[in-house]
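Structure first, commentary second.
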Amino acid sequence: MTSELMGRAVLSWRVAELVDSWPETASARTLVLEVPDWPGHRAGQHVDLRLTGPDGYTTERSYSLAAPVERSVGGWRIQLVVQRVADGEVSPYLTDVFDAGNLIEVRGPIGGWFVWSPREGGGAPVLLVAGGSGMVPLMSMIRERRFRHDRTPFRLVYSLRTRADELFADELNRPGIGDGGVETFVLHTREDSPRRPAGRITAADLAAWGWPADFAPRCFVCGPTGFVEEAARLLLSLGHSPDDIKTERFGPSGP
């Protein structure tokens with residue numbers, strides 16, 4: 001049994017309440033859940049959500065945590081981002097129906113490999129490579145850096161279909177206090193962007209906007225399987241060590 005499966009086996013389900021939400025795009029929604037006894041989490045981890053129907057039918061889905069935990073009067077608050085999947089069983093409910101005051105079961109945090117904290121890395125710079133909704137756990141790392149007043153240099157290369165699909169657009173385009181040292185490059189696969197024509201991510205993009213391999217950056221790549229495999233291959237072709245590349249794959253759709 002893998003360490004993650006062992007972690008799932010011992011984690012218990014907790015009842016959480018939706019206390020806030022807002023749209024990130026036309027098809028994605030941030031959910032703020034209040035969990036009375038949340039144990040805390042690390043940037044890059046995810047949770048399982050469980051829904052139970054009136055007939056007792058249950059279904060589960062995994063979602064990445066989007067921000068550090070926040071203390072609240074009722075306990076602790078965590079943030080998730082749900083991307084609506086066409087004909088999906090769970091995501092349309094969470095993006096369009098799930099309302100403030102509704103309850104849901106949460107299990108987590110899960111995952112101990114695809115994580116970042118200021119205490120790790122020995123000061124090496126960080127390269128984040130996101131495809132579509134793979135931006136969510138990487139945004140958690142950017143927010144953790146800000147929350148900890150850390151000064152590790154970050155660079156983000158974010159590939160998505162169109163400008164309308166960009167998650168956290170306001171936050172990325174207008175960085176706040178504490179985001180000094182975070183450089184962002186956004187490319188679109190289906191429309192031209194200010195810095196390049198439309199097209200999928202290339203070695204030239206990563207060479208121009210990422211860190212040189214000689215800097216030995218810690219690389220985190222997240223997105224659909226095809227995107228992650230290609231981005232990791234490109235990083236290796238640029239001389240990055242396999243030991244410095246961590247990947248996370250999810251979802252059937254891509255940019």
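Identifiers for the structure tokens are assigned positionally: chains receive A, B, ... in sequence, residues are indexed from 1 per chain, and ligands are indexed from 1 in the order shown.
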- Task: Determine which residues of stretch 128-206 of chain A DSSP labels as helix (DSSP H, G or I) from the backbone of this structure, then write them out as a PyMOL selection string.
- Result: chain A and resi 132-147+163-165+169-173+203-206
Written selection (C-alpha atoms) as an mmCIF file, in the first residue's frame:
```
data_model
loop_
_atom_site.group_PDB
_atom_site.id
_atom_site.type_symbol
_atom_site.label_atom_id
_atom_site.label_comp_id
_atom_site.auth_asym_id
_atom_site.auth_seq_id
_atom_site.Cartn_x
_atom_site.Cartn_y
_atom_site.Cartn_z
ATOM 1 C CA GLY A 132 -5.562 24.688 -16.881
ATOM 2 C CA SER A 133 -7.022 23.949 -13.458
ATOM 3 C CA GLY A 134 -3.631 22.563 -12.430
ATOM 4 C CA MET A 135 -3.072 26.151 -11.313
ATOM 5 C CA VAL A 136 -4.972 25.523 -8.060
ATOM 6 C CA PRO A 137 -2.331 23.727 -5.921
ATOM 7 C CA LEU A 138 0.366 25.989 -7.384
ATOM 8 C CA MET A 139 -1.628 29.045 -6.304
ATOM 9 C CA SER A 140 -1.682 27.526 -2.842
ATOM 10 C CA MET A 141 2.132 27.585 -2.921
ATOM 11 C CA ILE A 142 2.204 31.241 -4.017
ATOM 12 C CA ARG A 143 -0.215 32.149 -1.240
ATOM 13 C CA GLU A 144 1.748 30.140 1.323
ATOM 14 C CA ARG A 145 4.887 32.050 0.328
ATOM 15 C CA ARG A 146 3.043 35.330 0.854
ATOM 16 C CA PHE A 147 1.499 34.220 4.148
ATOM 17 C CA ARG A 163 -7.999 34.560 -21.194
ATOM 18 C CA ALA A 164 -11.545 33.821 -20.037
ATOM 19 C CA ASP A 165 -10.327 30.526 -18.525
ATOM 20 C CA ALA A 169 -6.703 36.411 -12.830
ATOM 21 C CA ASP A 170 -6.958 39.511 -10.621
ATOM 22 C CA GLU A 171 -4.519 38.160 -8.068
ATOM 23 C CA LEU A 172 -1.958 37.097 -10.666
ATOM 24 C CA ASN A 173 -2.221 40.233 -12.790
ATOM 25 C CA ALA A 203 10.808 24.407 -24.561
ATOM 26 C CA ALA A 204 11.337 28.007 -25.681
ATOM 27 C CA ASP A 205 8.619 29.178 -23.260
ATOM 28 C CA LEU A 206 10.213 27.345 -20.340
#
```
- Message: Set the distance at 12 Å and use only C-alpha atoms: which residues neighbour stretch 232-240 of chain A once local chain neighbours fewer than 5 positions away are removed? I'd like the list as a PyMOL selection string.
- Response: chain A and resi 127-131+200-208+210-223+225-227+245-249
Residues just named, written with C-alpha atoms as an mmCIF file, in the first residue's frame:
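Result saved to again-v2.cif:
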```cif
data_model
loop_
_atom_site.group_PDB
_atom_site.id
_atom_site.type_symbol
_atom_site.label_atom_id
_atom_site.label_comp_id
_atom_site.auth_asym_id
_atom_site.auth_seq_id
_atom_site.Cartn_x
_atom_site.Cartn_y
_atom_site.Cartn_z
ATOM 1 C CA LEU A 127 9.407 27.041 -10.955
ATOM 2 C CA LEU A 128 5.659 26.434 -11.148
ATOM 3 C CA VAL A 129 4.258 25.071 -14.425
ATOM 4 C CA ALA A 130 0.455 24.933 -14.593
ATOM 5 C CA GLY A 131 -1.929 23.589 -17.202
ATOM 6 C CA ARG A 200 0.888 24.776 -26.634
ATOM 7 C CA ILE A 201 3.751 25.139 -24.192
ATOM 8 C CA THR A 202 7.219 24.777 -25.699
ATOM 9 C CA ALA A 203 10.808 24.407 -24.561
ATOM 10 C CA ALA A 204 11.337 28.007 -25.681
ATOM 11 C CA ASP A 205 8.619 29.178 -23.260
ATOM 12 C CA LEU A 206 10.213 27.345 -20.340
ATOM 13 C CA ALA A 207 13.690 28.528 -21.297
ATOM 14 C CA ALA A 208 12.565 32.147 -21.597
ATOM 15 C CA GLY A 210 11.455 29.591 -16.270
ATOM 16 C CA TRP A 211 14.730 29.251 -14.375
ATOM 17 C CA PRO A 212 17.920 27.999 -16.033
ATOM 18 C CA ALA A 213 18.728 24.406 -15.157
ATOM 19 C CA ASP A 214 22.054 25.607 -13.710
ATOM 20 C CA PHE A 215 20.081 27.284 -10.912
ATOM 21 C CA ALA A 216 18.726 23.851 -9.864
ATOM 22 C CA PRO A 217 15.196 25.165 -9.269
ATOM 23 C CA ARG A 218 12.563 23.029 -7.617
ATOM 24 C CA CYS A 219 9.970 22.441 -10.338
ATOM 25 C CA PHE A 220 6.290 21.717 -9.674
ATOM 26 C CA VAL A 221 4.183 20.741 -12.703
ATOM 27 C CA CYS A 222 0.419 20.245 -12.421
ATOM 28 C CA GLY A 223 -2.383 19.729 -14.921
ATOM 29 C CA THR A 225 -1.834 14.020 -17.840
ATOM 30 C CA GLY A 226 -0.804 14.930 -21.393
ATOM 31 C CA PHE A 227 0.233 18.425 -20.384
ATOM 32 C CA ILE A 245 10.818 17.864 -10.914
ATOM 33 C CA LYS A 246 7.615 16.973 -9.072
ATOM 34 C CA THR A 247 4.419 16.321 -11.000
ATOM 35 C CA GLU A 248 0.719 16.056 -10.198
ATOM 36 C CA ARG A 249 -1.827 14.838 -12.762
#
```
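The gap separating atom CA of A:Thr152 from atom CA of A:Gly108 is 27.2 Å, in Å to one decimal.
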- Task: Would you mind listing what lies within 7 Å of A:Phe154 as an MDAnalysis selection string, with only C-alpha atoms counted and same-chain residues fewer than 5 positions away left out?
- Result: chainID A and resid 125:127 181:183
- Message: One number please: atom CA of A:Arg190 to atom CA of A:Trp209, in Å, one decimal.
- Response: 19.7 Å
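Running DSSP on the backbone and keeping only strand (DSSP E), the residues of stretch 90-126 of chain A that qualify are Leu103, Ile104, Glu105, Val106, Arg107, Gly108, Pro109, Ile110 and Val126 of chain A.
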- Query: Taking only C-alpha atoms into account, which of A:Gly53, A:Gly40, A:Gly176, A:Pro197 comes nearest A:Tyr93?
  - Reply: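 Checking each of A:Gly53, A:Gly40, A:Gly176, A:Pro197 against A:Tyr93, counting only C-alpha atoms, the winner is A:Gly53.
Between atom CA of A:Glu230 and atom CA of A:Leu167 there is a distance of 21.4 Å.
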- Item | Best match for closeness to A:Gly111 among A:Gly44, A:Pro54, A:Gly199, A:Gly75, counting only C-alpha atoms | A:Gly44
